[in-house]
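Worksheet for the structure shown next.
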Amino acid sequence: MQIHRLHLILFVLCCSAPFTLRAQTHDISFGAHAGAAFYLTDGDFRNMPGGTVGVEMAYTVRGVIANYTALGIKIGAGVSYANANHSLPNYEEKYTNIDYYPEPMDYTIVSATYREHQHQLQLEAPLFLSFISHGLTINIGGKFMMPFFQRRHIDVTDAHITAYYPDFWVPVTDYLATGRLEDYQYHGKEVSVMSKLNALLALEIGYEWHAGWQDRMGILAYFDYGIWNNYSNNPPMHRLIDVAPILNTEYPVPDIKVNALTDTYASKANYMSVGVRFYYAFHFEQRKVYPCRCVMD
Amino acid sequence: MKRYFLSILALLFVWVSSAQDFTKQVACGTWINFTAQPFDGYVFAGWSDGSTERARSVEVVSDTVITAIFHDKCGDFADLPLVNRYDWILMLNVKKITTEMNYTLSPERVHWYRVEGKPDNLEFPVENDPEDIYLGDGYSFTLDQNMHNAGTFYAWVDLLLPEGVTCSGLWRTEVVSFVTANTHAREIHLSPNHTNINGTLHLTGLNPNILTYIRTYSVTGQMLTETNTIGVEEYLLHAYPASGVFEVQVLSEEDNVVLRYLVKQ
C-alpha cells in the first residue's frame, strides 16, 4: 500500500512536468529599424519630425513560464542615424543697439522661415524586460542613447535686417554698415552641441514567428522617449539673428551671428523616436528535462 | 513800320500758380515799361536777362521774350538737413524736417543725385541739373561700402504741406562731398539760409589748407560776386543786396558745391 502510494506521487510529479519543467530560450538577433525622430524642446517654435534609421543586434534570454509563453530580458547594442527639425515661421525680433557715435539704432529682424536641422549618429544600448506569448512580443525597459557625431544645418529664407535711426526717423535695410545677411549665412552648417548622453524609456510591441529551422523573425513597433539627458542651456544666451553694435570707426560693419533655434530658445531638448523594427533571431532552447517514466508498476 | 512781339512771362520758382502772361505786338523801337509784382507769398527773384530791377523799361527792336522769376517766400529754402553716418550712409533728417519744419514727405519723394561736372546747372533752377546722375529714391543713400572719393551728393525732396501753404514743391538738401580718401567728409553748410537785405550768412566747413573761391550767382546763372579765402574754416558771407534767391558756389581743389539762400524784402 505504501509502495503504491509512493508510485502515485511519482506519477503525479512526472505528469505535471509541462508545468514544472523549466526551459530557457536564447535569441541572438540582428535587426534594423526606421522611423521618425524628434527633439522635443520647450522653445517657442515648432518641433518637427525627422527620420531615423539604424542597425542593431540583441541577445534575449527568456524562461518558459507556460506553453508558448516566456519571460526574460533583452540587451543589445546598435548604431543609428537620426535627424530632427525645428522651424520658426515669420520670425520677427526687435532690439536696440548703440553705435560708437553713440547713436541708438532700433533693429527689426524678420525672416519668412527659419529652419534648423539636427543630424546625429548615435549609439544605443537597450535593456528590456522581454515577454513573448504565442508570438506576441512585448519589450519594455530603458535605453541609453549616446550621440557621437552631431551637426546642424540652419536655413533662413527672405531675411531682412532693418536699422532704424530714431533720431532722424530713417530706416536703413539690408546694408553692409547697418547689417545684412550674406549668402553663406542663409544656409549655415555647424557643429551642434545637443545632449551627449540620453536615458530613454523604451517600448516595443510586435509579433515573432518561425523562420525555418529554429530561427525566428519579428517585427516590432517601437517607441523611445527621453526621460533624462545632459543637455543644458540657459536661454536667452543671445538673439536668434544677433547684430552686434557698430564699434569700428574705420570699418563700421557689424558682426552678425545666425544662431540656432535650440541654442537661443530651448532650455530642454528630449529625444523621442517612433518606428518599426525588423529582426532575424537565431533561436536556441535549453531544456531542463527531468528523466521520468510515467509507468505504474 | 515793322512790328515785333514782346512777351512778358512770369515764372514762379518751384510752384507755378495763376501767373498772367503778357504778349503784345508793338512797333519797332517802342519803349515798354513794366514792373514785376509778386503775389502774396512770393518774392521777385529777377529777370531772365539777368536784371534784378523790378521796374523795367525795354525798347522793342526784335521779337523778345522776358521772363520774370518769382519764388516762394519760404525762409528755409533748400539746404534741407542731411546726416552723414560713418561716411557710409547719407540720411535725410526726416525727424527735423517733419517736426521742426512741419513738412510732410515720403521716401519715394526723395531723389538722390551725384554731382557730375559742374555742381549745379544754373540755367535750370527749377529742375535738377540734367548732368547730375540720378541714384535712386529713399530717405537714405548708400554705396556698397564707404563713400570716400565717391563724389558729391545731394537729394531733391518733393515736400508737402497742408493745402493753402505755398512752401512746398521740390527742395534740395545740403550738399555733401566725399572727395578725399582717408578723411571724413566735410559738410559745407550755409546758415542761416535766409536773411534780410544787408544780412550776413555763415559759410562753414571750408578746408583752411587750400584756396577756396566763393561765388554768388543769381538763379538765372549770372555771377554777381566772387571772392576767395584760405586759412579759415568759416567765412562770413554778406548777402547780395537785393531780394530773391541766390546761389553760392564753393569751389576749390576738393570742393565744388552749390548752396542757396533767400534774401527777403
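Residues in the C-alpha cells are numbered from 1 in each chain, the chains being A, B, ... in the order shown, and ligands are numbered from 1 in the order shown.
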Write down as a PyMOL selection string the residues belonging to region 8-159 of chain A that are assigned alpha helix (DSSP H) by DSSP computed on the backbone. chain A and resi 8-15+17-20
Keeping only N, CA and C atoms, write those residues as a tab-separated table (two decimals), in the first residue's frame.
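What follows is the written file again_38.tsv:
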chain	number	residue	atom	x	y	z
A	8	LEU	N	2.29	6.59	-6.91
A	8	LEU	CA	1.29	7.57	-7.31
A	8	LEU	C	1.86	8.99	-7.23
A	9	ILE	N	2.61	9.21	-6.18
A	9	ILE	CA	3.23	10.54	-6.02
A	9	ILE	C	4.21	10.82	-7.16
A	10	LEU	N	5.01	9.82	-7.48
A	10	LEU	CA	5.97	9.99	-8.59
A	10	LEU	C	5.24	10.20	-9.90
A	11	PHE	N	4.14	9.51	-10.11
A	11	PHE	CA	3.39	9.65	-11.34
A	11	PHE	C	2.85	11.09	-11.47
A	12	VAL	N	2.33	11.60	-10.40
A	12	VAL	CA	1.78	12.96	-10.43
A	12	VAL	C	2.87	13.97	-10.72
A	13	LEU	N	3.98	13.76	-10.09
A	13	LEU	CA	5.11	14.67	-10.33
A	13	LEU	C	5.55	14.62	-11.78
A	14	CYS	N	5.65	13.42	-12.31
A	14	CYS	CA	6.10	13.32	-13.70
A	14	CYS	C	5.10	13.88	-14.67
A	15	CYS	N	3.82	13.59	-14.42
A	15	CYS	CA	2.82	14.07	-15.36
A	15	CYS	C	2.61	15.58	-15.29
A	17	ALA	N	4.97	17.52	-15.38
A	17	ALA	CA	6.24	18.08	-15.89
A	17	ALA	C	6.07	19.32	-16.76
A	18	PRO	N	5.06	19.36	-17.67
A	18	PRO	CA	4.94	20.57	-18.51
A	18	PRO	C	4.80	21.84	-17.68
A	19	PHE	N	4.29	21.69	-16.52
A	19	PHE	CA	4.10	22.87	-15.68
A	19	PHE	C	5.29	23.14	-14.78
A	20	THR	N	6.04	22.16	-14.57
A	20	THR	CA	7.13	22.36	-13.63
A	20	THR	C	8.49	22.34	-14.30
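The chain A residues that come within 10 Å of chain B are A:Tyr100, A:Tyr101, A:Glu103, A:Tyr165, A:Pro166, A:Asp167, A:Phe168, A:Trp169, A:Val170, A:Pro171, A:Val172, A:Thr173, A:Tyr175, A:Leu176, A:Ala177, A:Thr178, A:Ile246, A:Asn248, A:Thr249, A:Glu250, A:Tyr251, A:Pro252, A:Val253, with only C-alpha atoms taken into account.
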Can you write just those residues out, C-alpha atoms, as a compact mmCIF listing (two decimals), in the first residue's frame?
# COMPACT_ATOMS: atom_id res chain seq x y z
CA TYR A 100 30.09 104.43 -31.43
CA TYR A 101 28.70 107.93 -32.07
CA GLU A 103 23.63 106.71 -31.95
CA TYR A 165 17.63 105.71 -36.58
CA PRO A 166 15.09 107.20 -34.17
CA ASP A 167 16.97 110.49 -34.03
CA PHE A 168 16.40 111.00 -37.74
CA TRP A 169 13.39 108.75 -38.43
CA VAL A 170 15.28 106.94 -41.15
CA PRO A 171 15.27 103.16 -41.66
CA VAL A 172 18.18 101.50 -43.44
CA THR A 173 17.51 97.96 -44.62
CA TYR A 175 23.03 97.46 -45.81
CA LEU A 176 26.54 96.35 -45.05
CA ALA A 177 27.20 99.07 -42.48
CA THR A 178 23.98 98.53 -40.56
CA ILE A 246 28.83 99.12 -34.66
CA ASN A 248 34.76 100.05 -35.53
CA THR A 249 35.18 103.64 -36.63
CA GLU A 250 37.24 102.71 -39.68
CA TYR A 251 35.14 99.79 -40.85
CA PRO A 252 31.63 100.20 -39.45
CA VAL A 253 30.34 96.76 -40.34
Among the residues of region 93-281 of chain A, find those DSSP assigns to strand (DSSP E) from the backbone and print them as an NGL selection string. :A and (93-98 or 104-111 or 113-133 or 136-157 or 160-165 or 170-173 or 187-191 or 198-210 or 216-229 or 241-243 or 256-258 or 269-281)
Which residues, written as JSON, numbers by chain, have at least one atom at most 7 Å from Asn233 (chain A), with only C-alpha atoms counted and residues fewer than 6 positions away on the same chain left out? {"A": [263, 266, 267]}
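Contact shell of Asn230 (chain A) at 8 Å (only C-alpha atoms; same-chain neighbours under 5 positions omitted): Ser195, Lys196, Leu197 and Asn198 of chain A.
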Using only C-alpha atoms, which of the listed residues (A:Tyr265, A:Phe45, A:Tyr280, A:Phe148) sits closest to Asp27 (chain A)?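 Looking at the shortest contact to Asp27 (chain A), the residue is A:Tyr280.
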Show me, as JSON, numbers by chain, the residues that have an atom within 12 Å of region 191-199 of chain B when counting only C-alpha atoms, minus same-chain residues fewer than 5 positions from it. {"B": [73, 74, 75, 76, 77, 78, 79, 80, 81, 173, 174, 204, 205, 234, 235, 236, 237, 238, 239, 240, 241, 242, 243, 244, 245, 246, 247, 248, 259, 260, 261, 262, 263, 264, 265]}
To one decimal place, how far is CA of Val175 (chain B) from CA of Val257 (chain B) in Å? 6.4 Å
